[in-house]
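The structure appears below as structure tokens.
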Amino acid sequence: MPRHAETIANGATHDQGRLQCRHRRTGRHPGTGRQRHRLVLHVGGRSRRTQRLAGKTSARFRGVPQAAVTKADWLPYALPLNEPWQTSCGTTVLRRGRLLRLRSNDGRCGWGDCAPLPAFGIDETRATAFAEECAQLDLSAQRAGLPFNAWLGGNPPLASIAVNASLGSLLTVSSAGLTAAYADGFQVIKLKVGVGTLGEEIASLQDLADTLPVGCRLRLDANGAWSSAEALAFFTACRDLPIEACEEPLREPDPRDLARLQDGIPFAIAIDESLERLGKDLFRHPPVRRIVIKPARQGSLLASMEIALRARAVGMEVIVSSGLESSCGLLAGAHLAAAVAPQAVHGLATASWFACDTGEAVTIDNGRLILPGETGIGFRWAGEAATAFAGER
């Protein structure tokens, strides 16, 4: 855990320390000559660098209003799911996490969501850093008088973004479920693959495609389930089906294998969990058409934003996706999506999987996630009842 998080450990409060957000000049970028900035968080005189911003990104954050924090609380939660969340990495039935609430000296509250999910690369340290940064930036956007997406992107605020429906495993979804989702306005429907055998899933996908409404497309997510040969067999059998993309197909992602697979199919392959593993070469010679960004896995909204801008600069598509966070983390991701890829169909319609939530439910209307119009992230805490499960389980 970062050292400043130790002062506001789980269930405790920090009343006297001073947690601030500043962007410091750190000299000129050696390649562009532009002024470099970095975000620094302070508690009681101590600091930690969380993200260096360069080029166009840094200009958007100059003059960020500072928010002096007078109190911070960690609020644990445990949210049961309506049904098991099945992927090739395992099954989730209960989502545990912690909300961070920062109170500022001007009476505002900033919120962050710490929801570790190690199977998807979201460990405790990154999830904590993500929550801390979100809460502080929430306060800064409120003080600037802007909705979070407008504050991040420097553009007029958006009212909504398109999202895909998330219906779980390919082997458990029904044609009636697909038809209902399409009737609700979802034009892209996401299904988890790599859960059953290759033959089972190819047969199921072909059967579903025969009943799919015209205009509806499928977004598949293998979560690194296949070998290169298995992925090739799957794509060969399904290349003519209405597939919009396949996320993270390979168990051992190699740029050359990914490029060969991408060249042979008409739909996008997307990098998700292996984003860090592929490293800088991903942007020098993109082997696939798309990246999927889970901000909590980066431990930072601002780092996620810079990755998105780098990807778009080399012609890659950008999708922001949920790490199955509560409504607090989901809203932060939605604002990021609106700032970096407002025309894309994002993977953020996951709130309906929860039997209860930490705050006011995220609204989905006609396949679009409605962004709060108020300043900041717009999270509205449900109160102590939202965290009651944490003490009972």
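As shown in the structure tokens, the chain order sets the letters A, B, ...; within each chain, residues go from 1, and ligands are also counted from 1 in the order they appear.
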
For the structure I just gave you, how does DSSP split region 181-369 of chain A - specifically, which residues are alpha helix (DSSP H)? Reply as a PDB file with C-alpha atoms, in the first residue's frame.
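Wrote it out as out-v6.pdb, contents follow:
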ATOM      1  CA  ALA A 181     -30.749  -6.714 -25.329  1.00  0.00           C
ATOM      2  CA  TYR A 182     -31.012  -5.526 -28.920  1.00  0.00           C
ATOM      3  CA  ALA A 183     -34.583  -4.354 -28.280  1.00  0.00           C
ATOM      4  CA  LEU A 198     -13.457 -24.852 -28.646  1.00  0.00           C
ATOM      5  CA  GLY A 199     -15.955 -27.108 -30.427  1.00  0.00           C
ATOM      6  CA  GLU A 200     -18.765 -26.273 -28.010  1.00  0.00           C
ATOM      7  CA  GLU A 201     -18.245 -22.566 -28.363  1.00  0.00           C
ATOM      8  CA  ILE A 202     -17.942 -22.573 -32.152  1.00  0.00           C
ATOM      9  CA  ALA A 203     -21.205 -24.528 -32.411  1.00  0.00           C
ATOM     10  CA  SER A 204     -22.966 -22.259 -29.904  1.00  0.00           C
ATOM     11  CA  LEU A 205     -21.803 -19.111 -31.674  1.00  0.00           C
ATOM     12  CA  GLN A 206     -22.944 -20.382 -35.056  1.00  0.00           C
ATOM     13  CA  ASP A 207     -26.366 -21.292 -33.637  1.00  0.00           C
ATOM     14  CA  LEU A 208     -26.762 -17.894 -31.976  1.00  0.00           C
ATOM     15  CA  ALA A 209     -25.727 -16.056 -35.130  1.00  0.00           C
ATOM     16  CA  ASP A 210     -28.634 -17.635 -37.008  1.00  0.00           C
ATOM     17  CA  THR A 211     -31.108 -15.976 -34.619  1.00  0.00           C
ATOM     18  CA  SER A 228      -2.384 -19.379 -31.239  1.00  0.00           C
ATOM     19  CA  ALA A 229      -3.581 -22.528 -33.028  1.00  0.00           C
ATOM     20  CA  GLU A 230      -6.864 -22.567 -31.091  1.00  0.00           C
ATOM     21  CA  ALA A 231      -7.497 -18.899 -31.816  1.00  0.00           C
ATOM     22  CA  LEU A 232      -6.810 -19.478 -35.520  1.00  0.00           C
ATOM     23  CA  ALA A 233      -9.259 -22.401 -35.571  1.00  0.00           C
ATOM     24  CA  PHE A 234     -11.933 -20.346 -33.817  1.00  0.00           C
ATOM     25  CA  PHE A 235     -11.488 -17.320 -36.079  1.00  0.00           C
ATOM     26  CA  THR A 236     -11.445 -19.461 -39.233  1.00  0.00           C
ATOM     27  CA  ALA A 237     -14.722 -21.128 -38.262  1.00  0.00           C
ATOM     28  CA  CYS A 238     -16.392 -17.855 -37.255  1.00  0.00           C
ATOM     29  CA  PRO A 255       3.047  -9.535 -31.359  1.00  0.00           C
ATOM     30  CA  ARG A 256       3.834 -11.657 -34.415  1.00  0.00           C
ATOM     31  CA  ASP A 257       1.091 -14.179 -33.648  1.00  0.00           C
ATOM     32  CA  LEU A 258      -1.391 -11.397 -32.950  1.00  0.00           C
ATOM     33  CA  ALA A 259      -0.512  -9.619 -36.202  1.00  0.00           C
ATOM     34  CA  ARG A 260      -0.978 -12.831 -38.214  1.00  0.00           C
ATOM     35  CA  LEU A 261      -4.362 -13.424 -36.609  1.00  0.00           C
ATOM     36  CA  GLN A 262      -5.459  -9.822 -37.152  1.00  0.00           C
ATOM     37  CA  ASP A 263      -4.441  -9.885 -40.819  1.00  0.00           C
ATOM     38  CA  LEU A 275      -1.362  -4.295 -22.533  1.00  0.00           C
ATOM     39  CA  GLU A 276       1.598  -3.916 -20.166  1.00  0.00           C
ATOM     40  CA  ARG A 277       3.198  -7.172 -21.235  1.00  0.00           C
ATOM     41  CA  LEU A 278       3.471  -6.022 -24.843  1.00  0.00           C
ATOM     42  CA  ASP A 281       6.385  -1.971 -29.017  1.00  0.00           C
ATOM     43  CA  LEU A 282       2.593  -2.075 -29.051  1.00  0.00           C
ATOM     44  CA  PHE A 283       2.526   1.569 -30.152  1.00  0.00           C
ATOM     45  CA  ARG A 284       5.580   1.407 -32.428  1.00  0.00           C
ATOM     46  CA  PRO A 295      -8.313   2.429 -15.583  1.00  0.00           C
ATOM     47  CA  ALA A 296      -8.006   0.635 -12.241  1.00  0.00           C
ATOM     48  CA  ARG A 297      -5.441  -1.743 -13.737  1.00  0.00           C
ATOM     49  CA  GLN A 298      -3.270   1.257 -14.594  1.00  0.00           C
ATOM     50  CA  LEU A 301      -7.106   7.754 -14.687  1.00  0.00           C
ATOM     51  CA  LEU A 302      -4.469  10.133 -16.024  1.00  0.00           C
ATOM     52  CA  ALA A 303      -2.123   7.297 -17.000  1.00  0.00           C
ATOM     53  CA  SER A 304      -5.066   5.623 -18.737  1.00  0.00           C
ATOM     54  CA  MET A 305      -5.790   8.838 -20.593  1.00  0.00           C
ATOM     55  CA  GLU A 306      -2.228   9.131 -21.825  1.00  0.00           C
ATOM     56  CA  ILE A 307      -2.276   5.499 -23.029  1.00  0.00           C
ATOM     57  CA  ALA A 308      -5.511   6.199 -24.894  1.00  0.00           C
ATOM     58  CA  LEU A 309      -4.045   9.274 -26.584  1.00  0.00           C
ATOM     59  CA  ARG A 310      -0.917   7.361 -27.616  1.00  0.00           C
ATOM     60  CA  ALA A 311      -3.038   4.564 -29.071  1.00  0.00           C
ATOM     61  CA  ARG A 312      -5.232   6.944 -31.038  1.00  0.00           C
ATOM     62  CA  ALA A 313      -2.143   8.746 -32.345  1.00  0.00           C
ATOM     63  CA  SER A 327     -21.132   2.500  -9.591  1.00  0.00           C
ATOM     64  CA  CYS A 328     -18.441   4.836  -8.208  1.00  0.00           C
ATOM     65  CA  GLY A 329     -15.621   3.322 -10.261  1.00  0.00           C
ATOM     66  CA  LEU A 330     -17.937   2.777 -13.204  1.00  0.00           C
ATOM     67  CA  LEU A 331     -18.766   6.485 -13.413  1.00  0.00           C
ATOM     68  CA  ALA A 332     -15.080   7.420 -13.324  1.00  0.00           C
ATOM     69  CA  GLY A 333     -14.428   5.061 -16.238  1.00  0.00           C
ATOM     70  CA  ALA A 334     -17.419   6.418 -18.146  1.00  0.00           C
ATOM     71  CA  HIS A 335     -16.153   9.993 -17.878  1.00  0.00           C
ATOM     72  CA  LEU A 336     -12.740   8.847 -19.138  1.00  0.00           C
ATOM     73  CA  ALA A 337     -14.415   7.078 -22.072  1.00  0.00           C
ATOM     74  CA  ALA A 338     -16.301  10.253 -22.953  1.00  0.00           C
ATOM     75  CA  ALA A 339     -13.078  12.265 -22.838  1.00  0.00           C
ATOM     76  CA  VAL A 340     -10.873   9.990 -24.969  1.00  0.00           C
TER      77      VAL A 340
END

Assign secondary structure with DSSP using the backbone only, and return the residues of region 200-372 of chain A in strand (DSSP E or B) as number ranges by chain. A: 217-221, 226, 243-247, 250, 268-271, 290-293, 317-321, 345-349, 354, 359, 364-365, 368-370

If we count only C-alpha atoms and set the cut-off at 8 Å, which residues sit around region 118-131 of chain A, ignoring sequence neighbours fewer than 4 positions away in its own chain? Please answer as a PyMOL selection string. chain A and resi 1-2+5+89+99-100+111-114+135+273+295-301+323

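For the choices A:Ala150, A:Pro213, A:Ala72, A:Gly264, the atom-to-atom distance to Gly177 (chain A) is smallest for A:Pro213 when using only C-alpha atoms.
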
Pick the closest to Ile265 (chain A) from A:Pro242, A:Gly376, A:Gly185, A:Pro157: which is it, counting only C-alpha atoms? A:Pro242

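CA of Trp353 (chain A) lies 22.6 Å from CA of Leu212 (chain A).
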
Could you give me, as number ranges by chain, the residues within 6 Å of Ser321 (chain A), counting only C-alpha atoms and dropping anything in the same chain fewer than 4 positions from it? A: 293-294, 347-348

Close residues, Leu102 (chain A) itself excluded, 6 Å, only C-alpha atoms, min 4 positions apart in chain, as an MDAnalysis selection string: chainID A and resid 71:72 109:110

What lies within 8 Å of Ala141 (chain A) using only C-alpha atoms, ignoring chain neighbours under 5 positions off, as an NGL selection string? :A and (65 or 146-148 or 151 or 375-377)

Since we have the selection now, will you write its residues out, keeping C-alpha atoms, as a PDB file, in the first residue's frame?
ATOM      1  CA  PRO A  65      -7.602  23.958  -8.552  1.00  0.00           C
ATOM      2  CA  LEU A 146     -17.109  21.154 -14.648  1.00  0.00           C
ATOM      3  CA  PRO A 147     -18.461  17.636 -15.195  1.00  0.00           C
ATOM      4  CA  PHE A 148     -15.542  15.230 -14.994  1.00  0.00           C
ATOM      5  CA  TRP A 151     -12.590  18.686 -17.148  1.00  0.00           C
ATOM      6  CA  THR A 375     -19.739  18.911 -11.537  1.00  0.00           C
ATOM      7  CA  GLY A 376     -17.128  16.252 -10.802  1.00  0.00           C
ATOM      8  CA  ILE A 377     -17.701  12.520 -11.232  1.00  0.00           C
TER       9      ILE A 377
END

Could you name the residues that touch region 221-227 of chain A at 10 Å or less, counting only C-alpha atoms, but leaving out those on the same chain fewer than 3 positions away, as a ChimeraX atom specification? /A:87-89,119-120,168-170,190-196,198,218,230-234,245-253,257,269-274

Hey, can you spit out that residue selection with C-alpha atoms as a PDB file, in the first residue's frame?
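Generated output (result.pdb):
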ATOM      1  CA  THR A  87     -14.750 -16.026 -17.366  1.00  0.00           C
ATOM      2  CA  SER A  88     -11.855 -18.261 -18.357  1.00  0.00           C
ATOM      3  CA  CYS A  89     -10.108 -16.899 -15.229  1.00  0.00           C
ATOM      4  CA  ALA A 119      -7.139 -12.225 -12.056  1.00  0.00           C
ATOM      5  CA  PHE A 120      -7.423  -9.181 -14.343  1.00  0.00           C
ATOM      6  CA  GLY A 168     -21.939 -13.303 -19.590  1.00  0.00           C
ATOM      7  CA  SER A 169     -20.786 -16.630 -20.992  1.00  0.00           C
ATOM      8  CA  LEU A 170     -21.507 -17.657 -24.571  1.00  0.00           C
ATOM      9  CA  LYS A 190     -20.447  -8.807 -25.315  1.00  0.00           C
ATOM     10  CA  LEU A 191     -20.047 -12.503 -24.536  1.00  0.00           C
ATOM     11  CA  LYS A 192     -17.327 -14.360 -22.663  1.00  0.00           C
ATOM     12  CA  VAL A 193     -15.655 -17.169 -24.612  1.00  0.00           C
ATOM     13  CA  GLY A 194     -12.877 -19.572 -23.676  1.00  0.00           C
ATOM     14  CA  VAL A 195     -15.012 -20.975 -20.858  1.00  0.00           C
ATOM     15  CA  GLY A 196     -15.972 -24.236 -22.628  1.00  0.00           C
ATOM     16  CA  LEU A 198     -13.457 -24.852 -28.646  1.00  0.00           C
ATOM     17  CA  LEU A 218     -21.097  -9.630 -31.010  1.00  0.00           C
ATOM     18  CA  GLU A 230      -6.864 -22.567 -31.091  1.00  0.00           C
ATOM     19  CA  ALA A 231      -7.497 -18.899 -31.816  1.00  0.00           C
ATOM     20  CA  LEU A 232      -6.810 -19.478 -35.520  1.00  0.00           C
ATOM     21  CA  ALA A 233      -9.259 -22.401 -35.571  1.00  0.00           C
ATOM     22  CA  PHE A 234     -11.933 -20.346 -33.817  1.00  0.00           C
ATOM     23  CA  ALA A 245     -14.248  -7.758 -32.089  1.00  0.00           C
ATOM     24  CA  CYS A 246     -12.494 -10.385 -29.996  1.00  0.00           C
ATOM     25  CA  GLU A 247     -10.646  -9.256 -26.902  1.00  0.00           C
ATOM     26  CA  GLU A 248      -7.502 -10.902 -25.551  1.00  0.00           C
ATOM     27  CA  PRO A 249      -7.567 -14.195 -27.490  1.00  0.00           C
ATOM     28  CA  LEU A 250      -4.103 -15.571 -26.653  1.00  0.00           C
ATOM     29  CA  ARG A 251      -2.813 -17.258 -23.534  1.00  0.00           C
ATOM     30  CA  GLU A 252       0.742 -16.252 -24.516  1.00  0.00           C
ATOM     31  CA  PRO A 253       0.319 -13.029 -26.498  1.00  0.00           C
ATOM     32  CA  ASP A 257       1.091 -14.179 -33.648  1.00  0.00           C
ATOM     33  CA  ILE A 269      -8.619  -8.065 -32.195  1.00  0.00           C
ATOM     34  CA  ALA A 270      -8.234  -6.136 -28.954  1.00  0.00           C
ATOM     35  CA  ILE A 271      -5.475  -6.129 -26.351  1.00  0.00           C
ATOM     36  CA  ASP A 272      -6.687  -5.942 -22.760  1.00  0.00           C
ATOM     37  CA  GLU A 273      -4.903  -7.800 -19.950  1.00  0.00           C
ATOM     38  CA  SER A 274      -1.652  -8.055 -21.944  1.00  0.00           C
TER      39      SER A 274
END
